[in-house]
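Student: One file is attached below, entry.tsv, containing TSV, C-alpha atoms and all ligand atoms.
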chain	number	residue	atom	x	y	z
A	640	MET	CA	107.40	116.00	107.65
A	641	GLY	CA	106.30	117.18	111.09
A	642	GLU	CA	104.34	120.13	109.74
A	643	LEU	CA	102.68	117.99	107.12
A	644	ARG	CA	101.69	115.52	109.80
A	645	ASP	CA	100.12	118.30	111.88
A	646	LEU	CA	98.17	119.42	108.85
A	647	TYR	CA	96.94	115.89	108.24
A	648	GLN	CA	95.81	115.59	111.84
A	649	GLU	CA	93.97	118.89	111.57
A	650	VAL	CA	92.06	117.71	108.50
A	651	ILE	CA	91.10	114.45	110.21
A	652	LEU	CA	90.03	116.25	113.39
A	653	ASP	CA	87.98	118.73	111.41
A	654	HIS	CA	86.09	115.98	109.59
A	655	SER	CA	85.55	114.00	112.79
A	656	LYS	CA	84.09	117.02	114.56
A	657	ARG	CA	82.02	118.27	111.63
A	658	PRO	CA	81.37	115.25	109.44
A	659	ARG	CA	80.15	116.06	105.93
A	660	ASN	CA	77.15	114.33	104.36
A	661	PHE	CA	76.04	113.09	107.76
A	662	GLY	CA	72.46	111.94	108.20
A	663	ASP	CA	69.77	110.22	106.17
A	664	LEU	CA	70.25	110.59	102.45
A	665	ALA	CA	67.21	111.61	100.42
A	666	GLY	CA	66.57	109.26	97.54
A	667	ALA	CA	69.12	106.66	98.67
A	668	ASN	CA	68.60	103.33	96.93
A	669	ARG	CA	71.58	101.50	98.42
A	670	ARG	CA	72.36	101.09	102.08
A	671	ALA	CA	74.55	98.93	104.30
A	672	GLU	CA	75.65	98.82	107.88
A	673	GLY	CA	79.20	98.32	109.04
A	674	TYR	CA	80.59	97.36	112.40
A	675	ASN	CA	84.12	97.29	113.72
A	676	PRO	CA	84.01	95.26	116.95
A	677	LEU	CA	87.62	96.05	117.84
A	678	CYS	CA	86.82	99.72	118.29
A	679	GLY	CA	83.03	99.76	118.49
A	680	ASP	CA	82.57	101.86	115.35
A	681	ARG	CA	79.14	101.53	113.74
A	682	GLU	CA	78.28	103.23	110.49
A	683	THR	CA	75.48	103.11	107.97
A	684	VAL	CA	76.39	104.19	104.46
A	685	TYR	CA	73.76	105.44	102.01
A	686	VAL	CA	74.15	105.74	98.26
A	687	ARG	CA	71.94	107.11	95.53
A	688	LEU	CA	73.10	105.03	92.61
A	689	GLU	CA	71.92	105.96	89.12
A	690	ASP	CA	73.19	104.25	85.98
A	691	ASP	CA	76.22	102.98	87.87
A	692	VAL	CA	77.12	106.49	89.06
A	693	LEU	CA	77.21	107.38	92.75
A	694	LYS	CA	75.06	110.49	92.48
A	695	ASP	CA	75.05	111.04	96.20
A	696	VAL	CA	76.67	109.39	99.22
A	697	GLY	CA	75.97	109.89	102.91
A	698	PHE	CA	76.42	108.17	106.22
A	699	ARG	CA	75.38	108.14	109.82
A	700	GLY	CA	76.64	106.35	112.86
A	701	ALA	CA	78.90	106.59	115.84
A	702	GLY	CA	82.56	105.83	115.99
A	703	CYS	CA	86.01	107.08	116.76
A	704	ALA	CA	87.57	110.14	115.12
A	705	ILE	CA	89.31	108.08	112.45
A	706	SER	CA	86.24	106.15	111.32
A	707	THR	CA	84.07	109.26	111.33
A	708	ALA	CA	86.62	111.34	109.42
A	709	SER	CA	87.20	108.50	106.98
A	710	ALA	CA	83.47	108.19	106.27
A	711	SER	CA	83.11	111.94	105.92
A	712	MET	CA	85.97	112.24	103.46
A	713	MET	CA	84.90	109.12	101.61
A	714	THR	CA	81.47	110.56	100.91
A	715	GLU	CA	83.04	113.76	99.59
A	716	SER	CA	85.47	111.85	97.40
A	717	LEU	CA	82.92	109.54	95.85
A	718	LYS	CA	80.13	111.81	94.69
A	719	GLY	CA	79.80	111.66	90.94
A	720	ARG	CA	82.11	108.71	90.50
A	721	THR	CA	81.21	105.46	88.81
A	722	ARG	CA	81.05	102.23	90.74
A	723	ALA	CA	84.30	101.08	89.10
A	724	GLU	CA	86.04	104.33	90.04
A	725	ALA	CA	84.82	103.98	93.62
A	726	GLU	CA	86.21	100.46	93.85
A	727	ALA	CA	89.55	101.49	92.36
A	728	LEU	CA	89.76	104.34	94.85
A	729	PHE	CA	89.10	101.98	97.74
A	730	GLU	CA	91.84	99.67	96.54
A	731	ARG	CA	94.30	102.54	96.38
A	732	PHE	CA	93.19	103.85	99.77
A	733	HIS	CA	93.53	100.41	101.31
A	734	ASP	CA	97.04	100.07	99.90
A	735	LEU	CA	97.98	103.48	101.26
A	736	ILE	CA	96.96	102.78	104.84
A	737	THR	CA	98.33	99.25	104.89
A	738	GLY	CA	101.69	100.42	103.58
A	739	ARG	CA	101.41	98.73	100.19
A	740	ASP	CA	101.20	101.93	98.22
A	741	GLY	CA	103.78	102.20	95.49
A	742	GLU	CA	104.02	98.46	94.94
A	743	SER	CA	101.87	98.59	91.87
A	744	LYS	CA	103.11	100.17	88.69
A	745	THR	CA	99.73	100.31	87.02
A	746	GLU	CA	97.74	103.48	86.56
A	747	ARG	CA	96.01	104.33	89.81
A	748	PRO	CA	93.42	106.91	90.77
A	749	ASP	CA	94.60	110.02	92.59
A	750	LEU	CA	93.64	109.85	96.25
A	751	GLY	CA	93.47	113.61	96.63
A	752	LYS	CA	92.61	114.60	100.19
A	753	LEU	CA	92.32	110.97	101.25
A	754	ALA	CA	96.11	110.94	101.41
A	755	VAL	CA	95.83	112.47	104.89
A	756	PHE	CA	95.18	108.95	106.17
A	757	SER	CA	98.66	107.73	105.28
A	758	GLY	CA	99.71	108.06	108.94
A	759	VAL	CA	97.20	105.39	109.90
A	760	ARG	CA	99.57	102.69	108.68
A	761	GLU	CA	101.63	103.25	111.81
A	762	PHE	CA	98.65	102.20	113.91
A	763	PRO	CA	97.50	98.83	112.57
A	764	ILE	CA	94.46	98.70	114.86
A	765	ARG	CA	93.25	101.96	113.31
A	766	VAL	CA	93.36	100.54	109.79
A	767	LYS	CA	90.02	98.87	110.46
A	768	CYS	CA	88.54	102.14	111.65
A	769	ALA	CA	89.65	103.89	108.47
A	770	THR	CA	88.47	101.14	106.12
A	771	LEU	CA	85.12	100.49	107.83
A	772	PRO	CA	83.13	103.04	105.78
A	773	TRP	CA	84.71	101.73	102.58
A	774	HIS	CA	83.85	98.11	103.31
A	775	THR	CA	80.35	99.27	104.18
A	776	LEU	CA	80.10	101.20	100.93
A	777	LYS	CA	81.18	98.14	99.00
A	778	ALA	CA	78.45	96.09	100.66
A	779	ALA	CA	75.92	98.83	99.88
A	780	LEU	CA	76.91	98.82	96.20
A	781	ALA	CA	76.71	95.05	96.13
A	782	GLY	CA	73.19	95.28	97.52
A	783	GLU	CA	74.00	93.21	100.57
A	784	GLU	CA	71.60	93.86	103.40
A	785	LYS	CA	73.66	92.16	106.08
A	786	THR	CA	75.92	94.04	108.44
A	787	VAL	CA	79.55	93.91	107.39
A	788	SER	CA	82.13	93.41	110.08
A	789	THR	CA	85.76	94.34	109.73
A	790	GLU	CA	86.58	91.07	111.43
A	791	LEU	CA	85.28	89.24	108.39
A	792	THR	CA	86.57	91.52	105.68
A	793	GLU	CA	90.02	92.47	106.89
A	794	GLY	CA	91.72	89.13	106.48
A	795	PRO	CA	95.10	88.79	104.82
A	796	LYS	CA	94.91	90.18	101.34
A	797	ALA	CA	95.26	87.59	98.65
A	798	GLU	CA	98.20	88.35	96.45
A	799	SER	CA	97.12	88.60	92.87
A	800	GLY	CA	100.00	87.41	90.76
A	801	GLY	CA	100.77	90.59	88.87
A	802	ALA	CA	104.38	89.78	88.07
A	803	ALA	CA	105.12	89.50	84.39
B	901	ZN	ZN	87.55	103.23	115.42
Would it be possible to restate this file's structure as structure tokens?
Ligand code: ZN
Tutor:
Amino acid sequence: MGELRDLYQEVILDHSKRPRNFGDLAGANRRAEGYNPLCGDRETVYVRLEDDVLKDVGFRGAGCAISTASASMMTESLKGRTRAEAEALFERFHDLITGRDGESKTERPDLGKLAVFSGVREFPIRVKCATLPWHTLKAALAGEEKTVSTELTEGPKAESGGAA
């Protein structure tokens, strides 16, 4: 497990130092700003949405290594996905880093490289850093112009009664 953890940290460091899809996004038609007051992370997420498909995703902003790497990897993971797929991926990602992964038996999207963030669950304060770009993306897709704050979105998750 130690070697795997080192590998995960390397991937996160790499993305934080050389974020992908960073900068203004040509042709973006969705945009939202996110702010995590606990850490000071600020990110703007851009999406070019066509026929409910995220044709292109980008971001800019300033934040800690976790929030930057999370945004970078999110943009890579989402290109070409539908809005529904993006939301399902966020749900899975959120479950992973809050330690809820594996509770659901339903079919779930493969996280792929995003699995490197599993270690974040051991640092609850970092969960907000990792989810900031995702909350911001969600606001962008919803067409909300206001700035989203993790202090408003990261409340206790309502349990949806899935038990049969
Ligand atoms: Zn942060």
Student: Which polymer residues have any atom within 10 Å of an atom of Glu790 (chain A), counting all atoms listed in the file, with same-chain residues fewer than 6 positions away left out, as a VMD selection string?
Tutor: chain A and resid 674 to 677 767
Student: Please, what is the axis-aligned box for every listed atom of region 666-674 of chain A with 5 Å on each side, as centre and edge lengths in Å to one decimal, as JSON?
Tutor:
{"center_x": 73.6, "center_y": 103.3, "center_z": 104.7, "size_x": 24.0, "size_y": 21.9, "size_z": 25.5}
Student: Return as a list in words every polymer residue, whether protein, DNA or RNA, with at least one atom no more than 7 Å from an atom of ligand ZN 901 (chain B); count all atoms listed in the file.
Tutor: Cys678, Gly679, Asp680, Gly702, Cys703, Ala704, Ile705, Ser706, Arg765 and Cys768 of chain A
Student: At a cut-off of 8 Å around the point (88.2, 98.6, 104.3) (file coordinates), what residues fall inside when counting all atoms listed in the file? I'd like the answer as a PDB file with C-alpha atoms, in the coordinates of the input.
Tutor:
ATOM      1  CA  PHE A 729      89.100 101.980  97.740  1.00  0.00           C
ATOM      2  CA  HIS A 733      93.530 100.410 101.310  1.00  0.00           C
ATOM      3  CA  VAL A 766      93.360 100.540 109.790  1.00  0.00           C
ATOM      4  CA  LYS A 767      90.020  98.870 110.460  1.00  0.00           C
ATOM      5  CA  ALA A 769      89.650 103.890 108.470  1.00  0.00           C
ATOM      6  CA  THR A 770      88.470 101.140 106.120  1.00  0.00           C
ATOM      7  CA  LEU A 771      85.120 100.490 107.830  1.00  0.00           C
ATOM      8  CA  PRO A 772      83.130 103.040 105.780  1.00  0.00           C
ATOM      9  CA  TRP A 773      84.710 101.730 102.580  1.00  0.00           C
ATOM     10  CA  HIS A 774      83.850  98.110 103.310  1.00  0.00           C
ATOM     11  CA  THR A 775      80.350  99.270 104.180  1.00  0.00           C
ATOM     12  CA  THR A 789      85.760  94.340 109.730  1.00  0.00           C
ATOM     13  CA  THR A 792      86.570  91.520 105.680  1.00  0.00           C
ATOM     14  CA  GLU A 793      90.020  92.470 106.890  1.00  0.00           C
TER      15      GLU A 793
END
Student: For CA of Glu642 (chain A) and CA of Asn660 (chain A), quote the distance in Å rounded to one decimal.
Tutor: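 Interatomic distance here is 28.3 Å.
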Student: Around the point (65.2, 107.3, 95.9) (coordinates from the file), which residues reach within 10 Å if we count only C-alpha atoms? Answer as a tab-separated table (two decimals) with C-alpha atoms, keeping the file's coordinate frame.
Tutor:
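Dumped to point-v4.tsv:
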chain	number	residue	atom	x	y	z
A	664	LEU	CA	70.25	110.59	102.45
A	665	ALA	CA	67.21	111.61	100.42
A	666	GLY	CA	66.57	109.26	97.54
A	667	ALA	CA	69.12	106.66	98.67
A	668	ASN	CA	68.60	103.33	96.93
A	669	ARG	CA	71.58	101.50	98.42
A	686	VAL	CA	74.15	105.74	98.26
A	687	ARG	CA	71.94	107.11	95.53
A	688	LEU	CA	73.10	105.03	92.61
A	689	GLU	CA	71.92	105.96	89.12
Student: Given only C-alpha atoms as the basis, pick out the residue of A:Glu761, A:Thr707, A:Ile736, A:Ala727 nearest to Pro748 (chain A).
Tutor: A:Ala727
Student: May I ask for the distance between CA of Glu672 (chain A) and CA of Asp653 (chain A), given in Å to one decimal place?
Tutor: 23.7 Å
Student: Within 12 Å of Asp691 (chain A), counting only C-alpha atoms, which residues show up once you throw out same-chain ones fewer than 6 positions away? Write them as a count of residues only, please.
Tutor: 13
Student: So what do you get for CA of Phe732 (chain A) versus CA of Asp749 (chain A), distance-wise?
Tutor: 9.6 Å
Student: Residues within 10 Å of Thr786 (chain A), please, as a PyMOL selection string. Count only C-alpha atoms; anything in the same chain fewer than 4 positions from it doesn't count.
Tutor: chain A and resi 671-674+681-683+775+778-779
Student: Could you check which of A:Arg760, A:Arg747, A:Arg670, A:Arg657 is closest to Ser711 (chain A), using only C-alpha atoms?
Tutor: A:Arg657
Student: For Tyr685 (chain A), which residue out of A:Ile651, A:Arg739, A:Ala708, A:Leu717 is the nearest one, using all atoms listed in the file?
Tutor: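 Once distances to Tyr685 (chain A) are computed over all atoms listed in the file, the minimum belongs to A:Leu717.
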